[in-house]
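Since the structure comes first, as C-alpha cells, the remarks are kept for the end.
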Amino acid sequence: MITKPKGTYDIYGIEAKKWQYVSSVVDEMMERYNYGFIRTPIFENTEVFHRGVGDTTDIVTKETYDFVDRGKRSMTLRPEGTAGVVRSFIENKMYGDAIQPIKLYYNGTMYRYERPQSGRDRELTQFGVEVLGSSDPSIDAEVISIPVNIFKLLGLKGVKVNINSLGDNESRNNYRDALIKYFKPNIKCLCEDCQERLEKNPLRILDCKVDADNEILKNAPVMLDYLNEESKNRFEDVQNYLDVLDIEYEVNPRIVRGLDYYSHTVFEIEATVKDFGANNVIAAGGRYDGLVANLGGPDTPGIGFACGMGRLVMALDKEGIELPISDGIDAFILYVNKTEKEYAIALTQDLRLQGFRVETEWNSRNLKGQFKQADRLKAKYLVILNSEDLVEGKIQVKNNSTKETEMIKESEIDDYLDLNLR
RNA sequence: GCGGAAUUGGUGAAGUGGUUAACACGCCGGAUUGUGGCUCCGGUAUGCAUGGGUUCGAUCCCCAUAUUUCGCCCCA
C-alpha cells in the first residue's frame with residue numbers, strides 16, 4: 001500500500017470542518033484588525049532561510065527540507081512563515097507604501113525535517129502575522145493580543161501568555177557574556193546537553209528541562225537585570241499597553257526563543273490543558289528588528305507571531321469545546337424506480353440551487369438502506385418519491401425527528417422546507 | 001541525529017511454533033413483493049507491516065527495514 005510520507009497528515013471529515021471553522025475565525029479576526037492576507041511560495045531559495053534564520057544552528061543544517069531543482073537551484077520548503085514574508089516585503093518594496101506600518105497575515109503549511117512526535121509533524125499548518133515598519137511598543141501589545149483574542153473567540157480557556165524581553169543587541173550581548181561567566185565555573189553540575197549549550201546558545205540553558213530545578217540555574221543572572229535603560233523602558237511600555245488592553249500575562253525570564261534575530265519582546269502562549277504532552281506552546285513570536293536588514297532590505301523593525309493550527313485544534317478538543325460546525329443535511333431524497341430516480345436527481349439539484357443541503361441515493365440501495373443512509377447523514381427531512389404521487393403532482397415529506405408525514409404539492413417543496421428549516 | 005514502545009480485516013481487537021485466525025461493531029443481502037431505525041438468518045482476512053533467518057513447520061522465535069507512537073536533541 002502506498003502510504004503518506006512520514007510525519008504528514010490527511011485531514012478530512014469532521015476534522016477538516018474544524019480546521020475550516022478555525023481558519024474562518026482567523027480570517028474574520030484578521031479582517032477586523034486590518035491585517036491583509038499574504039500568500040507566499042511554499043518553497044523559496046534556500047538562501048532566504050539561511051540568511052533569515054542564521055545558518056549555524058541545527059535548524060538550518062539538519063531540519064529543513066532542501067532539494068535541488070532541475071535548474072540546479074537550491075530550494076527549501078518553508079520551515080516557517082516569517083522569512084518568506086520579509087523577503088516579499090523587500091522584493092515588493094512595501095516599505096515604500098503609503099500606508100505604514102505594513103500589517104500582514106498568512107495561513108499555510110510549513111515543512112520541517114524532524115523526527116515526528118506529539119504535536120510535531122513534518123508538515124504543519126500555521127497562521128500568523130507580521131508587522132513591518134513600527135517599533136512602537138503598542139504594536140507589540142497588539143500582536144500579542146491577536147492570538148489571545150482569537151483563542152477567546154474560539155472559546156479556549158486554558159491559555160497563558162508568557163513574555164520576556166531580550167533587549168537590544170547591546171543588552172543581549174552583555175547578558176550572554178554574564179551567563180557564560182556565571183555558568184563556566186559550575187558547568188560540571190549541569191546536564192550534558194547544557195554543557196554543549198554553553199558554547200552554542202547559552203540562553204537556552206535557562207530553558208532546560210533537566211536542570212529546571214537546579215539551584216545553579218535558579219540563581220542564574222536574569223535577563224531583565226541586564227537590559228539597558230532604553231530597553232527596560234521599552235519593555236515596561238509593552239507591559240503597560242498589555243494592561244490597557246486587559247491582556248493577562250506573566251513575565252517569564254526563561255522565555256528566550258531560539259534564534260539570534262529576536263530582540264526586545266518575545267512571547268509564548270501555552271495551552272494549560274491537561275494531558276497536552278511536552279509541546280503545549282500553541283503560539284509564539286517576538287520582535288525581529290534586524291531581520292529585514294539581514295535579508296538585504298532597508299533597516300526596518302518587525303514583529304510577529306505564529307500559531308500552530310494542529311496544536312490549536314488539539315487544545316480545543318482537549319478542552320471539549322464544541323465548535324459551531326453545521327452537521328447534517330436538510331433533506332434526503334428517496335426513490336426506487338427509474339422514473340423516480342430521474343425526478344430525484346433533478347429535484348436534488350433544484351433544491352441545492354435554492355440553498356438547501358440536499359443528498360440523494362447514489363448506490364442503488366433498497367428503501368431500507370436509503371432510510372439508514374439518510375439517518376447517517378442526519379437528514380432533517382426525508383422526501384420520499386412515489387411514481388403514483390408524482391403523476392398527481394404530489395410529494396411525500398417526512399420530518400425525520402417527529403416522523404410526521406405530509407403530502408404536499410411538488411411545486412411547494414421549496415417553500416415547505418424554507419418554512420420549516422429557516 | 002539518538003532512545004523506548006507498537007504494527008493482526010472497514011473498525012475495536014483476541015490468539016497459538018502445527019488442520020478452517022475467536023469475538024464484537026460496521027457494512028452488504030434476506031426474512032419484510034415500496035416506508036426504515038428492534039429482532040432473526042446469511043455473507044464479509046488464501047491473511048497476521050515488509051524483507052531475510054532459525055525450524056520438518058512461523059502470524060507466533062531472531063535480525064534488518066518501514067511506518068505509528070512517546071521522549072531526547074532542536075524548536076522557526
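Just so we're on the same page: first chain in the C-alpha cells is A, next is B, and so on; residues restart at 1 for each chain, and ligands are numbered from 1 in the order they show up.
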
Closest atom pairs, residues of chain A within 10 Å of chain B, only C-alpha atoms (C1' of nucleotides), as JSON lines:
```
{"residue": "A:Met1", "atom": "CA", "partner": "B:A49", "partner_atom": "C1'", "distance": 9.9}
{"residue": "A:Thr3", "atom": "CA", "partner": "B:U67", "partner_atom": "C1'", "distance": 8.6}
{"residue": "A:Lys4", "atom": "CA", "partner": "B:U67", "partner_atom": "C1'", "distance": 9.5}
{"residue": "A:Pro5", "atom": "CA", "partner": "B:U67", "partner_atom": "C1'", "distance": 9.2}
{"residue": "A:Lys6", "atom": "CA", "partner": "B:U67", "partner_atom": "C1'", "distance": 7.4}
{"residue": "A:Gly7", "atom": "CA", "partner": "B:U68", "partner_atom": "C1'", "distance": 9.6}
{"residue": "A:Phe49", "atom": "CA", "partner": "B:A76", "partner_atom": "C1'", "distance": 9.5}
{"residue": "A:Gly52", "atom": "CA", "partner": "B:A76", "partner_atom": "C1'", "distance": 10.0}
{"residue": "A:Val53", "atom": "CA", "partner": "B:A76", "partner_atom": "C1'", "distance": 7.5}
{"residue": "A:Thr57", "atom": "CA", "partner": "B:C74", "partner_atom": "C1'", "distance": 8.7}
{"residue": "A:Asp58", "atom": "CA", "partner": "B:C74", "partner_atom": "C1'", "distance": 6.4}
{"residue": "A:Ile59", "atom": "CA", "partner": "B:C74", "partner_atom": "C1'", "distance": 6.9}
{"residue": "A:Val60", "atom": "CA", "partner": "B:A76", "partner_atom": "C1'", "distance": 9.6}
{"residue": "A:Lys62", "atom": "CA", "partner": "B:G1", "partner_atom": "C1'", "distance": 8.6}
{"residue": "A:Glu63", "atom": "CA", "partner": "B:C74", "partner_atom": "C1'", "distance": 8.4}
{"residue": "A:Arg78", "atom": "CA", "partner": "B:A76", "partner_atom": "C1'", "distance": 9.6}
{"residue": "A:Pro79", "atom": "CA", "partner": "B:A76", "partner_atom": "C1'", "distance": 6.4}
{"residue": "A:Glu80", "atom": "CA", "partner": "B:A76", "partner_atom": "C1'", "distance": 5.3}
{"residue": "A:Gly81", "atom": "CA", "partner": "B:A76", "partner_atom": "C1'", "distance": 8.1}
{"residue": "A:Thr82", "atom": "CA", "partner": "B:A76", "partner_atom": "C1'", "distance": 8.3}
{"residue": "A:Ala83", "atom": "CA", "partner": "B:A76", "partner_atom": "C1'", "distance": 9.2}
{"residue": "A:Met110", "atom": "CA", "partner": "B:A76", "partner_atom": "C1'", "distance": 9.8}
{"residue": "A:Arg112", "atom": "CA", "partner": "B:A76", "partner_atom": "C1'", "distance": 9.2}
{"residue": "A:Glu114", "atom": "CA", "partner": "B:C74", "partner_atom": "C1'", "distance": 8.9}
{"residue": "A:Arg115", "atom": "CA", "partner": "B:G1", "partner_atom": "C1'", "distance": 9.3}
{"residue": "A:Pro116", "atom": "CA", "partner": "B:U69", "partner_atom": "C1'", "distance": 9.1}
{"residue": "A:Gln117", "atom": "CA", "partner": "B:C70", "partner_atom": "C1'", "distance": 7.0}
{"residue": "A:Ser118", "atom": "CA", "partner": "B:C70", "partner_atom": "C1'", "distance": 7.3}
{"residue": "A:Arg120", "atom": "CA", "partner": "B:C75", "partner_atom": "C1'", "distance": 9.8}
{"residue": "A:Asp193", "atom": "CA", "partner": "B:C73", "partner_atom": "C1'", "distance": 8.1}
{"residue": "A:Arg257", "atom": "CA", "partner": "B:C75", "partner_atom": "C1'", "distance": 8.2}
{"residue": "A:Gly258", "atom": "CA", "partner": "B:C75", "partner_atom": "C1'", "distance": 6.9}
{"residue": "A:Leu259", "atom": "CA", "partner": "B:A76", "partner_atom": "C1'", "distance": 7.9}
{"residue": "A:Gly277", "atom": "CA", "partner": "B:C70", "partner_atom": "C1'", "distance": 9.4}
{"residue": "A:Ala278", "atom": "CA", "partner": "B:G71", "partner_atom": "C1'", "distance": 8.9}
{"residue": "A:Ala284", "atom": "CA", "partner": "B:A76", "partner_atom": "C1'", "distance": 9.9}
{"residue": "A:Gly285", "atom": "CA", "partner": "B:A76", "partner_atom": "C1'", "distance": 9.5}
{"residue": "A:Ala306", "atom": "CA", "partner": "B:A76", "partner_atom": "C1'", "distance": 9.2}
{"residue": "A:Leu334", "atom": "CA", "partner": "B:U35", "partner_atom": "C1'", "distance": 10.0}
{"residue": "A:Tyr335", "atom": "CA", "partner": "B:G34", "partner_atom": "C1'", "distance": 9.0}
{"residue": "A:Val336", "atom": "CA", "partner": "B:G34", "partner_atom": "C1'", "distance": 7.4}
{"residue": "A:Asn337", "atom": "CA", "partner": "B:G34", "partner_atom": "C1'", "distance": 9.6}
{"residue": "A:Arg365", "atom": "CA", "partner": "B:C28", "partner_atom": "C1'", "distance": 9.8}
{"residue": "A:Asn366", "atom": "CA", "partner": "B:G34", "partner_atom": "C1'", "distance": 9.2}
{"residue": "A:Leu367", "atom": "CA", "partner": "B:G34", "partner_atom": "C1'", "distance": 7.2}
{"residue": "A:Lys368", "atom": "CA", "partner": "B:G36", "partner_atom": "C1'", "distance": 5.0}
{"residue": "A:Gly369", "atom": "CA", "partner": "B:G36", "partner_atom": "C1'", "distance": 7.6}
{"residue": "A:Gln370", "atom": "CA", "partner": "B:G36", "partner_atom": "C1'", "distance": 8.0}
{"residue": "A:Phe371", "atom": "CA", "partner": "B:G36", "partner_atom": "C1'", "distance": 5.1}
{"residue": "A:Lys372", "atom": "CA", "partner": "B:G36", "partner_atom": "C1'", "distance": 6.6}
{"residue": "A:Gln373", "atom": "CA", "partner": "B:G36", "partner_atom": "C1'", "distance": 9.8}
{"residue": "A:Ala374", "atom": "CA", "partner": "B:G36", "partner_atom": "C1'", "distance": 9.7}
{"residue": "A:Asp375", "atom": "CA", "partner": "B:G37", "partner_atom": "C1'", "distance": 8.1}
{"residue": "A:Ile384", "atom": "CA", "partner": "B:U35", "partner_atom": "C1'", "distance": 8.3}
{"residue": "A:Leu385", "atom": "CA", "partner": "B:G34", "partner_atom": "C1'", "distance": 9.7}
{"residue": "A:Asn386", "atom": "CA", "partner": "B:G34", "partner_atom": "C1'", "distance": 8.2}
```

Next item on the list: With a distance cut-off of 8 Å and only C-alpha atoms (C1' of nucleotides), select the neighbouring residues of C48 (chain B), excluding the residue or stretch itself and same-chain residues fewer than 5 positions from it, and output the selection as a PyMOL selection string.
Entry: chain B and resi 8+21+59

Residues as selected, C-alpha atoms (C1' of nucleotides), written as a PDB file, in the first residue's frame, can you do that?
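Output saved as selection-v1.pdb:
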```pdb
ATOM      1  C1'   U B   8      -3.419  -8.968  13.060  1.00  0.00           C
ATOM      2  C1'   A B  21      -7.080 -16.910  12.617  1.00  0.00           C
ATOM      3  C1'   U B  59       1.195 -14.688  12.424  1.00  0.00           C
TER       4        U B  59
END
```

Margin query: From the options A:Glu340, A:Glu44, A:Asp289, A:Glu91, which residue's atoms come nearest to Asp69 (chain A), counting only C-alpha atoms?
Written below: A:Glu44

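In this model, the gap between CA of Asn219 (chain A) and CA of Leu242 (chain A) comes to 28.4 Å.
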
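Going from CA of Leu291 (chain A) over to CA of Arg39 (chain A), you cover 19.5 Å.
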
Checklist line | Residues within 9 Å of Leu124 (chain A), only C-alpha atoms (C1' of nucleotides), excluding chain neighbours under 4 positions, as number ranges by chain | finding: A: 8-9, 108-112, 120, 308-310

Checklist line | Picked from region 45-156 of chain A by DSSP as strand (DSSP E), as a PyMOL selection string | finding: chain A and resi 45+65-68+74-77+102-111+123-132

Take the residues just selected and output them with C-alpha atoms as a JSON list (two decimals), in the first residue's frame.
```json
[["chain", "number", "residue", "atom", "x", "y", "z"],
["A", 45, "ASN", "CA", 15.59, 29.90, -2.49],
["A", 65, "TYR", "CA", 13.51, 20.10, 3.56],
["A", 66, "ASP", "CA", 16.03, 21.02, 0.89],
["A", 67, "PHE", "CA", 16.10, 19.99, -2.73],
["A", 68, "VAL", "CA", 17.89, 20.94, -5.90],
["A", 74, "SER", "CA", 18.97, 25.05, -4.19],
["A", 75, "MET", "CA", 15.43, 25.28, -2.84],
["A", 76, "THR", "CA", 13.94, 24.87, 0.61],
["A", 77, "LEU", "CA", 10.39, 24.11, 1.66],
["A", 102, "ILE", "CA", 2.64, 47.07, 6.84],
["A", 103, "LYS", "CA", 0.40, 44.54, 8.56],
["A", 104, "LEU", "CA", 0.18, 41.10, 7.01],
["A", 105, "TYR", "CA", -1.16, 37.70, 7.94],
["A", 106, "TYR", "CA", -0.67, 34.26, 6.48],
["A", 107, "ASN", "CA", -2.13, 30.80, 6.94],
["A", 108, "GLY", "CA", -0.42, 27.87, 5.32],
["A", 109, "THR", "CA", 1.68, 24.76, 5.52],
["A", 110, "MET", "CA", 5.27, 24.66, 6.73],
["A", 111, "TYR", "CA", 7.78, 21.84, 6.48],
["A", 123, "GLU", "CA", 4.10, 19.14, 7.58],
["A", 124, "LEU", "CA", 2.33, 21.59, 9.80],
["A", 125, "THR", "CA", -0.13, 24.41, 9.29],
["A", 126, "GLN", "CA", 0.50, 27.75, 10.85],
["A", 127, "PHE", "CA", -1.15, 31.11, 10.72],
["A", 128, "GLY", "CA", 0.49, 34.24, 11.93],
["A", 129, "VAL", "CA", 1.06, 37.93, 11.43],
["A", 130, "GLU", "CA", 3.99, 40.15, 10.64],
["A", 131, "VAL", "CA", 4.04, 43.88, 11.27],
["A", 132, "LEU", "CA", 6.82, 45.69, 9.46]]
```

Margin query: Between CA of Asn174 (chain A) and CA of Lys232 (chain A), what distance in Å does the model show, to one decimal?
Written below: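 Value for the CA of Asn174 (chain A)-CA of Lys232 (chain A) distance: 14.0 Å.
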
Selection: 12 Å around Leu390 (chain A), only C-alpha atoms (C1' of nucleotides), excl. self and same-chain fewer than 3 positions, as a PDB file with C-alpha atoms, in the first residue's frame:
```
ATOM      1  CA  TYR A 335     -36.596   6.741  -4.626  1.00  0.00           C
ATOM      2  CA  THR A 339     -38.756   7.475 -13.154  1.00  0.00           C
ATOM      3  CA  GLU A 340     -38.439   8.425  -9.512  1.00  0.00           C
ATOM      4  CA  LYS A 341     -34.662   8.419  -9.732  1.00  0.00           C
ATOM      5  CA  GLU A 342     -34.671  10.899 -12.585  1.00  0.00           C
ATOM      6  CA  TYR A 343     -37.050  13.072 -10.667  1.00  0.00           C
ATOM      7  CA  ALA A 344     -34.870  12.677  -7.587  1.00  0.00           C
ATOM      8  CA  ILE A 384     -39.984  10.016  -0.380  1.00  0.00           C
ATOM      9  CA  LEU A 385     -40.827   9.778  -4.046  1.00  0.00           C
ATOM     10  CA  ASN A 386     -43.541   7.594  -5.442  1.00  0.00           C
ATOM     11  CA  SER A 387     -44.431   7.485  -9.154  1.00  0.00           C
ATOM     12  CA  GLY A 393     -48.037  16.272  -8.823  1.00  0.00           C
ATOM     13  CA  LYS A 394     -47.535  15.394  -5.169  1.00  0.00           C
ATOM     14  CA  ILE A 395     -44.573  14.606  -2.960  1.00  0.00           C
ATOM     15  CA  GLN A 396     -44.361  12.977   0.407  1.00  0.00           C
ATOM     16  CA  MET A 407     -48.280  15.140   1.229  1.00  0.00           C
ATOM     17  CA  ILE A 408     -47.551  18.396  -0.467  1.00  0.00           C
ATOM     18  CA  LYS A 409     -47.669  19.760  -3.997  1.00  0.00           C
ATOM     19  CA  GLU A 410     -44.405  19.259  -5.799  1.00  0.00           C
ATOM     20  CA  SER A 411     -44.234  22.942  -6.640  1.00  0.00           C
TER      21      SER A 411
END
```

Next item on the list: Could you give me, as an NGL selection string, each residue of region 217-403 of chain A that DSSP assigns to helix (DSSP H, G or I) when run on this structure's backbone?
Entry: :A and (217-218 or 223-226 or 229-244 or 291-294 or 309-318 or 338-353 or 367-376 or 387-391)

12 Å contact set for U44 (chain B), only C-alpha atoms (C1' of nucleotides), chain neighbours under 4 positions out, as a PDB file with C-alpha atoms (C1' of nucleotides), in the first residue's frame:
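To be explicit, this is the file written out as result_2.pdb:
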```pdb
ATOM      1  C1'   G B   9      -9.997  -7.228   8.476  1.00  0.00           C
ATOM      2  C1'   G B  10     -13.600  -1.359   7.061  1.00  0.00           C
ATOM      3  C1'   G B  26     -19.768  -1.793  10.991  1.00  0.00           C
ATOM      4  C1'   C B  27     -21.098  -2.893   6.092  1.00  0.00           C
ATOM      5  C1'   C B  28     -23.934  -5.864   2.247  1.00  0.00           C
ATOM      6  C1'   G B  29     -28.050  -9.203   1.388  1.00  0.00           C
TER       7        G B  29
END
```

Check: When distances are computed from only C-alpha atoms, which of A:Phe332, A:Trp362, A:Tyr35, A:Phe43 shows the smallest separation from Thr348 (chain A)?
Finding: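 When distances to Thr348 (chain A) are compared using only C-alpha atoms, the smallest one comes from A:Phe332.
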
Next item on the list: Please provide the set of residues having any atom within 7 Å of Arg287 (chain A), restricted to only C-alpha atoms (C1' of nucleotides), with same-chain residues fewer than 5 positions apart removed, written as JSON, numbers by chain.
Entry: {"A": [262, 263, 264, 265, 266, 302, 303, 304]}

Notebook entry, point to check: Residues at most 7 Å from Ile282 (chain A), counting only C-alpha atoms (C1' of nucleotides), excluding those fewer than 4 positions away in the same chain, as a list in words?
Noted result: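 My list of contacting residues is Ile269, Glu270, Ala271, Cys307, Gly308, Arg311 and Leu312 of chain A.
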